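**Q** What follows is the file entry_34.txt, containing compact mmCIF, C-alpha atoms:
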# COMPACT_ATOMS: atom_id res chain seq x y z
CA GLU A 622 18.28 46.83 46.03
CA LEU A 623 20.27 44.96 48.63
CA LYS A 624 20.14 46.51 52.11
CA VAL A 625 21.94 45.28 55.20
CA GLU A 626 20.87 46.06 58.76
CA GLN A 627 22.73 45.29 61.94
CA ASN A 628 21.49 45.43 65.48
CA PRO A 629 22.22 46.53 67.99
CA LEU A 630 24.20 49.55 66.82
CA PHE A 631 25.88 49.83 70.20
CA LEU A 632 26.46 47.12 72.74
CA SER A 633 27.96 47.56 76.18
CA MET A 634 28.59 44.33 77.99
CA GLN A 635 30.49 43.05 80.97
CA GLU A 636 33.41 40.70 80.75
CA GLY A 637 32.34 37.09 80.99
CA LYS A 638 28.89 37.64 79.51
CA ASN A 639 27.47 36.27 76.28
CA TYR A 640 25.73 38.25 73.56
CA THR A 641 24.68 38.10 69.92
CA ILE A 642 24.89 40.63 67.10
CA TYR A 643 22.32 40.27 64.32
CA CYS A 644 22.70 40.99 60.61
CA ASN A 645 19.62 41.03 58.37
CA TYR A 646 19.71 41.53 54.62
CA SER A 647 16.93 42.28 52.18
CA THR A 648 17.54 40.15 49.07
CA THR A 649 18.96 36.77 48.22
CA SER A 650 22.67 36.38 48.78
CA ASP A 651 25.16 33.54 48.66
CA ARG A 652 27.96 35.03 50.73
CA LEU A 653 28.23 36.93 53.96
CA TYR A 654 31.31 38.35 55.64
CA TRP A 655 32.08 39.52 59.16
CA TYR A 656 34.80 42.07 59.81
CA ARG A 657 36.29 43.70 62.88
CA GLN A 658 37.50 47.31 62.96
CA ASP A 659 39.50 48.89 65.77
CA PRO A 660 39.29 52.69 66.18
CA GLY A 661 41.09 54.49 63.36
CA LYS A 662 42.20 51.22 61.79
CA SER A 663 41.36 49.13 58.77
CA LEU A 664 39.05 46.11 58.61
CA GLU A 665 40.17 42.66 59.68
CA SER A 666 38.41 39.69 58.14
CA LEU A 667 36.79 37.38 60.71
CA PHE A 668 34.52 34.98 58.82
CA VAL A 669 33.25 34.17 55.34
CA LEU A 670 29.95 32.27 55.25
CA LEU A 671 28.89 30.75 51.95
CA SER A 672 26.03 28.34 52.52
CA ASN A 673 22.81 27.96 54.46
CA GLY A 674 23.52 26.62 57.91
CA ALA A 675 27.21 27.51 57.78
CA VAL A 676 28.76 27.96 61.19
CA LYS A 677 32.31 29.12 61.86
CA GLN A 678 34.09 29.67 65.14
CA GLU A 679 37.28 31.42 66.11
CA GLY A 680 38.06 31.79 69.78
CA ARG A 681 35.17 33.48 71.56
CA LEU A 682 33.39 34.41 68.32
CA MET A 683 30.99 32.20 66.39
CA ALA A 684 29.17 33.20 63.22
CA SER A 685 26.23 31.48 61.55
CA LEU A 686 24.18 31.98 58.42
CA ASP A 687 20.52 31.27 57.67
CA THR A 688 19.96 32.16 54.03
CA LYS A 689 16.26 31.37 54.16
CA ALA A 690 15.72 33.91 56.92
CA ARG A 691 18.34 36.22 55.40
CA LEU A 692 19.98 36.41 58.78
CA SER A 693 23.47 36.02 60.15
CA THR A 694 24.49 36.12 63.77
CA LEU A 695 27.79 36.79 65.49
CA HIS A 696 27.79 35.24 68.93
CA ILE A 697 30.23 36.35 71.60
CA THR A 698 31.00 33.92 74.38
CA ALA A 699 32.45 35.02 77.73
CA ALA A 700 33.46 38.44 76.43
CA VAL A 701 36.85 39.91 77.24
CA HIS A 702 38.01 43.52 76.94
CA ASP A 703 40.14 42.74 73.87
CA LEU A 704 36.98 42.09 71.89
CA SER A 705 36.00 45.77 72.13
CA ALA A 706 35.75 47.03 68.54
CA THR A 707 33.23 47.75 65.81
CA TYR A 708 31.92 44.69 64.00
CA PHE A 709 30.56 44.86 60.47
CA CYS A 710 28.67 42.35 58.43
CA ALA A 711 28.80 42.64 54.65
CA VAL A 712 26.71 40.87 52.03
CA GLY A 713 27.32 40.18 48.37
CA PRO A 714 24.42 40.20 45.87
CA TYR A 715 23.47 36.66 44.78
CA GLY A 716 25.50 35.32 41.90
CA GLY A 717 27.60 38.42 41.77
CA ALA A 718 30.83 37.80 39.98
CA THR A 719 32.34 41.05 41.09
CA ASN A 720 32.53 40.32 44.83
CA LYS A 721 31.02 43.72 45.56
CA LEU A 722 29.89 43.99 49.14
CA ILE A 723 27.14 45.97 50.82
CA PHE A 724 28.04 46.78 54.43
CA GLY A 725 25.87 47.11 57.48
CA THR A 726 26.25 50.18 59.67
CA GLY A 727 28.33 48.31 62.22
CA THR A 728 27.92 47.36 65.88
CA LEU A 729 30.16 49.13 68.36
CA LEU A 730 31.00 46.65 71.09
CA ALA A 731 32.37 47.90 74.42
CA VAL A 732 33.35 45.23 76.91
CA GLN A 733 33.55 46.58 80.43
CA PRO A 734 35.80 44.98 83.06
CA ASP B 255 55.25 40.32 52.82
CA GLY B 256 52.10 40.23 50.70
CA GLY B 257 49.50 42.85 51.26
CA ILE B 258 47.75 46.03 50.26
CA THR B 259 49.58 49.32 50.67
CA GLN B 260 47.75 52.62 50.75
CA SER B 261 49.41 56.01 50.77
CA PRO B 262 49.43 58.57 52.13
CA LYS B 263 47.94 57.61 55.47
CA TYR B 264 46.98 61.19 56.27
CA LEU B 265 46.31 63.93 53.75
CA PHE B 266 45.07 67.48 54.00
CA ARG B 267 43.61 69.18 50.95
CA LYS B 268 42.46 72.67 50.28
CA GLU B 269 39.06 73.15 48.79
CA GLY B 270 39.17 73.16 45.00
CA GLN B 271 42.18 70.87 44.76
CA ASN B 272 42.27 67.38 43.35
CA VAL B 273 44.10 64.72 45.33
CA THR B 274 45.15 61.17 44.41
CA LEU B 275 45.24 58.27 46.87
CA SER B 276 47.49 55.37 46.02
CA CYS B 277 46.63 51.68 46.40
CA GLU B 278 49.09 48.92 45.50
CA GLN B 279 48.70 45.17 46.09
CA ASN B 280 51.21 42.36 45.61
CA LEU B 281 48.70 39.55 46.19
CA ASN B 282 48.08 38.96 42.48
CA HIS B 283 44.41 39.71 43.06
CA ASP B 284 42.18 40.34 40.08
CA ALA B 285 39.64 42.67 41.65
CA MET B 286 40.24 45.92 43.50
CA TYR B 287 37.81 48.25 45.24
CA TRP B 288 37.62 51.68 46.83
CA TYR B 289 35.32 52.28 49.78
CA ARG B 290 34.56 55.42 51.74
CA GLN B 291 33.82 55.42 55.46
CA ASP B 292 32.37 58.39 57.33
CA PRO B 293 32.62 58.58 61.14
CA GLY B 294 30.31 56.11 62.83
CA GLN B 295 29.13 54.74 59.49
CA GLY B 296 29.56 51.64 57.41
CA LEU B 297 31.50 51.45 54.18
CA ARG B 298 30.15 52.63 50.83
CA LEU B 299 31.53 51.50 47.49
CA ILE B 300 33.03 54.21 45.25
CA TYR B 301 34.56 52.27 42.32
CA TYR B 302 35.70 48.75 41.57
CA SER B 303 37.75 47.01 38.92
CA GLN B 304 37.88 43.36 37.89
CA ILE B 305 40.54 43.53 35.20
CA VAL B 306 43.17 45.90 33.91
CA ASN B 307 41.86 48.87 31.94
CA ASP B 308 38.30 48.31 33.11
CA PHE B 309 36.37 49.68 36.09
CA GLN B 310 32.79 50.31 37.17
CA LYS B 311 31.05 52.89 39.32
CA GLY B 312 29.88 51.94 42.76
CA ASP B 313 27.15 53.58 44.78
CA ILE B 314 28.85 56.96 45.35
CA ALA B 315 31.12 57.54 42.34
CA GLU B 316 30.28 61.20 41.75
CA GLY B 317 33.28 63.44 42.30
CA TYR B 318 35.77 60.56 42.10
CA SER B 319 37.83 59.00 39.32
CA VAL B 320 40.03 55.90 39.08
CA SER B 321 42.37 54.11 36.69
CA ARG B 322 43.60 50.53 36.42
CA GLU B 323 46.63 50.55 34.15
CA LYS B 324 48.37 47.77 36.05
CA LYS B 325 46.94 44.76 37.85
CA GLU B 326 48.61 45.72 41.11
CA SER B 327 47.61 49.39 41.17
CA PHE B 328 44.25 51.14 41.53
CA PRO B 329 44.66 54.85 42.37
CA LEU B 330 41.68 56.99 43.38
CA THR B 331 41.45 60.70 42.56
CA VAL B 332 39.18 62.83 44.69
CA THR B 333 38.24 65.76 42.50
CA SER B 334 37.10 69.23 43.42
CA ALA B 335 33.62 68.15 42.33
CA GLN B 336 33.30 65.95 45.41
CA LYS B 337 31.31 68.19 47.76
CA ASN B 338 32.17 66.53 51.05
CA PRO B 339 35.42 64.61 50.63
CA THR B 340 36.58 64.49 54.25
CA ALA B 341 36.47 60.78 55.13
CA PHE B 342 38.45 57.58 55.66
CA TYR B 343 39.19 55.82 52.36
CA LEU B 344 39.80 52.09 52.19
CA CYS B 345 41.17 50.10 49.31
CA ALA B 346 40.45 46.37 49.07
CA SER B 347 41.28 43.46 46.80
CA THR B 348 40.37 39.84 46.23
CA ARG B 349 40.52 36.97 43.79
CA LEU B 350 37.40 36.94 41.64
CA THR B 351 36.19 33.51 42.69
CA SER B 352 33.01 34.15 44.65
CA GLY B 353 33.36 33.78 48.36
CA ASN B 354 37.02 34.56 48.63
CA THR B 355 38.13 36.74 51.49
CA ILE B 356 38.31 40.41 50.62
CA TYR B 357 41.34 42.07 52.14
CA PHE B 358 41.60 45.73 53.08
CA GLY B 359 44.51 48.15 53.16
CA GLU B 360 45.28 50.31 56.18
CA GLY B 361 43.28 53.25 54.87
CA SER B 362 43.88 56.90 54.06
CA TRP B 363 42.45 59.76 56.08
CA LEU B 364 41.56 62.74 53.90
CA THR B 365 40.70 66.08 55.47
CA VAL B 366 39.64 69.14 53.49
CA VAL B 367 40.77 72.37 55.09
Could you show the structure in this file as structure tokens?
**A**
Amino acid sequence: ELKVEQNPLFLSMQEGKNYTIYCNYSTTSDRLYWYRQDPGKSLESLFVLLSNGAVKQEGRLMASLDTKARLSTLHITAAVHDLSATYFCAVGPYGGATNKLIFGTGTLLAVQP
Amino acid sequence: DGGITQSPKYLFRKEGQNVTLSCEQNLNHDAMYWYRQDPGQGLRLIYYSQIVNDFQKGDIAEGYSVSREKKESFPLTVTSAQKNPTAFYLCASTRLTSGNTIYFGEGSWLTVV
């Protein structure tokens, strides 16, 4: 059974600082997604990672995937208040044709001025 | 504009009543999904469908039912058998090619009173 764990669950950081959110998963997968959710809102797609060593960057966020370690990271550079949100990683079972996703529990990020 | 439309956004239901949440997409996506989110939690898969007139149970299907009579529509019925239906419900869709972005609707808040 595929399980997805994120840590930390809550992250309070100051503006201008760097930090990393970790996403571990329990079985082989060939696709990993990162989403952002603002309070009371839907999920916004940030990154789709499909291969070992994949790295994608958008603004102050950079995501990477290590399929051998079953680990993805979301790195935040020089955080700003607008990045405050909950971030989810989601993993699809290997070879799955259905694109079902198993979600982590989320990381609530609060960026303090 | 292309997208996923969920309605209603807010819904109150009395115990013992069935309620149907609508999900329509005009993205010509093959696959559609229903997820449930409880406060402070990740998303859990209720049902999914890859083609018209076919659907499969997800991890928490008990007390829910769906239909897929048209490619663009995937309504979810929350039945009276669902013991704890108060939650945020999210509909999603994607093309079936593995690794495609999975897009989410704006969600429906269901409260049982």
**Q** Enumerate, in order of chain and increasing residue number, the residues of chain A with an atom no farther than 8 Å from chain B, each with its shortest atom pair and distance in Å to one decimal, counting all atoms listed in the file, as a Markdown table.
**A**
| residue | atom | partner | partner_atom | distance |
| --- | --- | --- | --- | --- |
| A:Arg652 | CA | B:Gly353 | CA | 6.0 |
| A:Lys662 | CA | B:Glu360 | CA | 6.5 |
| A:Ser663 | CA | B:Glu360 | CA | 4.8 |
| A:Leu664 | CA | B:Phe358 | CA | 6.1 |
| A:Glu665 | CA | B:Phe358 | CA | 7.4 |
| A:Ser666 | CA | B:Tyr357 | CA | 7.1 |
| A:Val669 | CA | B:Thr355 | CA | 6.7 |
| A:Leu670 | CA | B:Gly353 | CA | 7.8 |
| A:Leu671 | CA | B:Gly353 | CA | 6.5 |
| A:Phe709 | CA | B:Gly296 | CA | 7.5 |
| A:Gly717 | CA | B:Ser352 | CA | 7.5 |
| A:Ala718 | CA | B:Ser352 | CA | 6.3 |
| A:Thr719 | CA | B:Leu350 | CA | 6.5 |
| A:Asn720 | CA | B:Ser352 | CA | 6.2 |
| A:Lys721 | CA | B:Tyr302 | CA | 7.9 |
| A:Leu722 | CA | B:Leu299 | CA | 7.9 |
| A:Ile723 | CA | B:Arg298 | CA | 7.3 |
| A:Phe724 | CA | B:Leu297 | CA | 5.8 |
| A:Gly725 | CA | B:Gly296 | CA | 5.8 |
| A:Thr726 | CA | B:Gly296 | CA | 4.3 |
| A:Gly727 | CA | B:Gly296 | CA | 6.0 |
**Q** I'd like the interatomic distance between atom CA of Lys638 of chain A and atom CA of Pro660 of chain A, to a tenth of an Å.
**A** 22.6 Å
**Q** Val701 of chain A: which residues within 10 Å, counting all atoms listed in the file, same-chain residues fewer than 5 positions away excluded, as a list in words?
**A**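 With the cut-off at 10 Å, the set is Met634, Gln635, Glu636, Gly637, Lys638, Arg681, Ala731, Val732, Gln733 and Pro734 of chain A.
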**Q** Give me, please, the distance in Å between atom CA of Phe328 of chain B and atom CA of Val306 of chain B, quoted to one decimal.
**A**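 Interatomic distance, atom CA of Phe328 of chain B to atom CA of Val306 of chain B: 9.3 Å.
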**Q** Report, in Å to a single decimal, how far apart atom CA of Gln658 of chain A and atom CA of Gln336 of chain B are.
**A**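 These atoms are spaced 25.9 Å apart.
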**Q** Using all atoms listed in the file, find the one residue out of A:Leu682, A:Ala700, A:Leu695, A:Leu667 that sits nearest to Tyr654 of chain A.
**A**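 When distances to Tyr654 of chain A are compared using all atoms listed in the file, the smallest one comes from A:Leu667.
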**Q** Find the residue from A:Lys689, A:Leu729, A:Gly661, A:Met683 that sits nearest to Asp292 of chain B; use only C-alpha atoms when measuring.
**A**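 Ranking A:Lys689, A:Leu729, A:Gly661, A:Met683 by distance to Asp292 of chain B, first place goes to A:Gly661.
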**Q** Go through A:Tyr646, A:Tyr656, A:Tyr640, A:Phe631 one by one, measure the shortest atom-to-atom distance of each to Thr728 of chain A using all atoms listed in the file, and give the residue with the smallest value.
**A**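 Checking each candidate against Thr728 of chain A, we get A:Phe631 as the closest.
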**Q** What's the 8 Å shell around Phe266 of chain B, counting only C-alpha atoms, without same-chain residues fewer than 6 positions away, as a CSV table (one decimal) with C-alpha atoms, in the frame of the given file?
**A**
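Ended up saving to out.csv:
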chain,number,residue,atom,x,y,z
B,364,LEU,CA,41.6,62.7,53.9
B,365,THR,CA,40.7,66.1,55.5
B,366,VAL,CA,39.6,69.1,53.5
B,367,VAL,CA,40.8,72.4,55.1
**Q** Which residues, written as an mmCIF file with C-alpha atoms, in the coordinates of the input, have at least one atom at most 12 Å from Leu686 of chain A, with all atoms listed in the file counted and residues fewer than 5 positions away on the same chain left out?
**A**
data_model
loop_
_atom_site.group_PDB
_atom_site.id
_atom_site.type_symbol
_atom_site.label_atom_id
_atom_site.label_comp_id
_atom_site.auth_asym_id
_atom_site.auth_seq_id
_atom_site.Cartn_x
_atom_site.Cartn_y
_atom_site.Cartn_z
ATOM 1 C CA TYR A 643 22.320 40.270 64.320
ATOM 2 C CA CYS A 644 22.700 40.990 60.610
ATOM 3 C CA ASN A 645 19.620 41.030 58.370
ATOM 4 C CA TYR A 646 19.710 41.530 54.620
ATOM 5 C CA SER A 650 22.670 36.380 48.780
ATOM 6 C CA ASP A 651 25.160 33.540 48.660
ATOM 7 C CA ARG A 652 27.960 35.030 50.730
ATOM 8 C CA LEU A 653 28.230 36.930 53.960
ATOM 9 C CA TYR A 654 31.310 38.350 55.640
ATOM 10 C CA TRP A 655 32.080 39.520 59.160
ATOM 11 C CA PHE A 668 34.520 34.980 58.820
ATOM 12 C CA VAL A 669 33.250 34.170 55.340
ATOM 13 C CA LEU A 670 29.950 32.270 55.250
ATOM 14 C CA LEU A 671 28.890 30.750 51.950
ATOM 15 C CA SER A 672 26.030 28.340 52.520
ATOM 16 C CA ASN A 673 22.810 27.960 54.460
ATOM 17 C CA GLY A 674 23.520 26.620 57.910
ATOM 18 C CA ALA A 675 27.210 27.510 57.780
ATOM 19 C CA VAL A 676 28.760 27.960 61.190
ATOM 20 C CA LYS A 677 32.310 29.120 61.860
ATOM 21 C CA ARG A 691 18.340 36.220 55.400
ATOM 22 C CA LEU A 692 19.980 36.410 58.780
ATOM 23 C CA SER A 693 23.470 36.020 60.150
ATOM 24 C CA THR A 694 24.490 36.120 63.770
ATOM 25 C CA LEU A 695 27.790 36.790 65.490
ATOM 26 C CA HIS A 696 27.790 35.240 68.930
ATOM 27 C CA CYS A 710 28.670 42.350 58.430
ATOM 28 C CA VAL A 712 26.710 40.870 52.030
#
**Q** Quick one: residues within 8 Å of Tyr318 of chain B, only C-alpha atoms counted, chain neighbours fewer than 5 positions away excluded, as a ChimeraX atom specification?
**A** /B:300,330-333,335-336
**Q** Please complete segment 263-294 of chain B with N, CA and C atoms and give it back as a PDB file, in the coordinates of the input.
**A**
ATOM      1  N   LYS B 263      48.856  57.989  54.408  1.00  0.00           N
ATOM      2  CA  LYS B 263      47.940  57.610  55.470  1.00  0.00           C
ATOM      3  C   LYS B 263      47.091  58.798  55.907  1.00  0.00           C
ATOM      4  N   TYR B 264      47.700  59.968  55.914  1.00  0.00           N
ATOM      5  CA  TYR B 264      46.980  61.190  56.270  1.00  0.00           C
ATOM      6  C   TYR B 264      47.231  62.224  55.182  1.00  0.00           C
ATOM      7  N   LEU B 265      46.185  62.934  54.800  1.00  0.00           N
ATOM      8  CA  LEU B 265      46.310  63.930  53.750  1.00  0.00           C
ATOM      9  C   LEU B 265      45.353  65.074  54.012  1.00  0.00           C
ATOM     10  N   PHE B 266      45.891  66.281  53.872  1.00  0.00           N
ATOM     11  CA  PHE B 266      45.070  67.480  54.000  1.00  0.00           C
ATOM     12  C   PHE B 266      44.979  68.131  52.626  1.00  0.00           C
ATOM     13  N   ARG B 267      43.817  68.584  52.268  1.00  0.00           N
ATOM     14  CA  ARG B 267      43.610  69.180  50.950  1.00  0.00           C
ATOM     15  C   ARG B 267      42.835  70.469  51.095  1.00  0.00           C
ATOM     16  N   LYS B 268      43.225  71.429  50.307  1.00  0.00           N
ATOM     17  CA  LYS B 268      42.460  72.670  50.280  1.00  0.00           C
ATOM     18  C   LYS B 268      41.277  72.499  49.354  1.00  0.00           C
ATOM     19  N   GLU B 269      40.227  73.195  49.660  1.00  0.00           N
ATOM     20  CA  GLU B 269      39.060  73.150  48.790  1.00  0.00           C
ATOM     21  C   GLU B 269      39.443  73.558  47.375  1.00  0.00           C
ATOM     22  N   GLY B 270      38.890  72.838  46.400  1.00  0.00           N
ATOM     23  CA  GLY B 270      39.170  73.160  45.000  1.00  0.00           C
ATOM     24  C   GLY B 270      40.334  72.395  44.415  1.00  0.00           C
ATOM     25  N   GLN B 271      41.036  71.642  45.250  1.00  0.00           N
ATOM     26  CA  GLN B 271      42.180  70.870  44.760  1.00  0.00           C
ATOM     27  C   GLN B 271      41.800  69.420  44.541  1.00  0.00           C
ATOM     28  N   ASN B 272      42.392  68.817  43.519  1.00  0.00           N
ATOM     29  CA  ASN B 272      42.270  67.380  43.350  1.00  0.00           C
ATOM     30  C   ASN B 272      43.372  66.700  44.167  1.00  0.00           C
ATOM     31  N   VAL B 273      43.098  65.477  44.610  1.00  0.00           N
ATOM     32  CA  VAL B 273      44.100  64.720  45.330  1.00  0.00           C
ATOM     33  C   VAL B 273      43.986  63.253  44.909  1.00  0.00           C
ATOM     34  N   THR B 274      45.132  62.574  44.816  1.00  0.00           N
ATOM     35  CA  THR B 274      45.150  61.170  44.410  1.00  0.00           C
ATOM     36  C   THR B 274      45.651  60.301  45.549  1.00  0.00           C
ATOM     37  N   LEU B 275      44.880  59.263  45.851  1.00  0.00           N
ATOM     38  CA  LEU B 275      45.240  58.270  46.870  1.00  0.00           C
ATOM     39  C   LEU B 275      45.748  57.024  46.156  1.00  0.00           C
ATOM     40  N   SER B 276      46.864  56.520  46.640  1.00  0.00           N
ATOM     41  CA  SER B 276      47.490  55.370  46.020  1.00  0.00           C
ATOM     42  C   SER B 276      47.057  54.078  46.693  1.00  0.00           C
ATOM     43  N   CYS B 277      46.903  53.013  45.886  1.00  0.00           N
ATOM     44  CA  CYS B 277      46.630  51.680  46.400  1.00  0.00           C
ATOM     45  C   CYS B 277      47.394  50.675  45.545  1.00  0.00           C
ATOM     46  N   GLU B 278      48.282  49.923  46.181  1.00  0.00           N
ATOM     47  CA  GLU B 278      49.090  48.920  45.500  1.00  0.00           C
ATOM     48  C   GLU B 278      48.937  47.586  46.237  1.00  0.00           C
ATOM     49  N   GLN B 279      48.756  46.494  45.465  1.00  0.00           N
ATOM     50  CA  GLN B 279      48.700  45.170  46.090  1.00  0.00           C
ATOM     51  C   GLN B 279      49.650  44.219  45.377  1.00  0.00           C
ATOM     52  N   ASN B 280      50.294  43.358  46.172  1.00  0.00           N
ATOM     53  CA  ASN B 280      51.210  42.360  45.610  1.00  0.00           C
ATOM     54  C   ASN B 280      50.682  40.954  45.874  1.00  0.00           C
ATOM     55  N   LEU B 281      49.355  40.829  45.918  1.00  0.00           N
ATOM     56  CA  LEU B 281      48.700  39.550  46.190  1.00  0.00           C
ATOM     57  C   LEU B 281      48.253  38.855  44.906  1.00  0.00           C
ATOM     58  N   ASN B 282      48.520  39.478  43.778  1.00  0.00           N
ATOM     59  CA  ASN B 282      48.080  38.960  42.480  1.00  0.00           C
ATOM     60  C   ASN B 282      46.557  38.820  42.411  1.00  0.00           C
ATOM     61  N   HIS B 283      45.869  39.726  43.079  1.00  0.00           N
ATOM     62  CA  HIS B 283      44.410  39.710  43.060  1.00  0.00           C
ATOM     63  C   HIS B 283      43.883  40.367  41.786  1.00  0.00           C
ATOM     64  N   ASP B 284      42.771  39.796  41.289  1.00  0.00           N
ATOM     65  CA  ASP B 284      42.180  40.340  40.080  1.00  0.00           C
ATOM     66  C   ASP B 284      41.391  41.615  40.350  1.00  0.00           C
ATOM     67  N   ALA B 285      40.589  41.595  41.410  1.00  0.00           N
ATOM     68  CA  ALA B 285      39.640  42.670  41.650  1.00  0.00           C
ATOM     69  C   ALA B 285      40.151  43.616  42.730  1.00  0.00           C
ATOM     70  N   MET B 286      39.895  44.881  42.517  1.00  0.00           N
ATOM     71  CA  MET B 286      40.240  45.920  43.500  1.00  0.00           C
ATOM     72  C   MET B 286      39.063  46.856  43.679  1.00  0.00           C
ATOM     73  N   TYR B 287      38.979  47.445  44.865  1.00  0.00           N
ATOM     74  CA  TYR B 287      37.810  48.250  45.240  1.00  0.00           C
ATOM     75  C   TYR B 287      38.253  49.471  46.038  1.00  0.00           C
ATOM     76  N   TRP B 288      37.467  50.527  45.941  1.00  0.00           N
ATOM     77  CA  TRP B 288      37.620  51.680  46.830  1.00  0.00           C
ATOM     78  C   TRP B 288      36.312  51.889  47.583  1.00  0.00           C
ATOM     79  N   TYR B 289      36.463  51.992  48.917  1.00  0.00           N
ATOM     80  CA  TYR B 289      35.320  52.280  49.780  1.00  0.00           C
ATOM     81  C   TYR B 289      35.582  53.579  50.541  1.00  0.00           C
ATOM     82  N   ARG B 290      34.496  54.219  50.899  1.00  0.00           N
ATOM     83  CA  ARG B 290      34.560  55.420  51.740  1.00  0.00           C
ATOM     84  C   ARG B 290      33.848  55.120  53.049  1.00  0.00           C
ATOM     85  N   GLN B 291      34.450  55.574  54.151  1.00  0.00           N
ATOM     86  CA  GLN B 291      33.820  55.420  55.460  1.00  0.00           C
ATOM     87  C   GLN B 291      33.754  56.771  56.145  1.00  0.00           C
ATOM     88  N   ASP B 292      32.560  57.178  56.549  1.00  0.00           N
ATOM     89  CA  ASP B 292      32.370  58.390  57.330  1.00  0.00           C
ATOM     90  C   ASP B 292      32.269  58.010  58.800  1.00  0.00           C
ATOM     91  N   PRO B 293      32.599  58.914  59.715  1.00  0.00           N
ATOM     92  CA  PRO B 293      32.620  58.580  61.140  1.00  0.00           C
ATOM     93  C   PRO B 293      31.331  57.934  61.619  1.00  0.00           C
ATOM     94  N   GLY B 294      31.466  56.802  62.284  1.00  0.00           N
ATOM     95  CA  GLY B 294      30.310  56.110  62.830  1.00  0.00           C
ATOM     96  C   GLY B 294      29.426  55.437  61.799  1.00  0.00           C
TER      97      GLY B 294
END
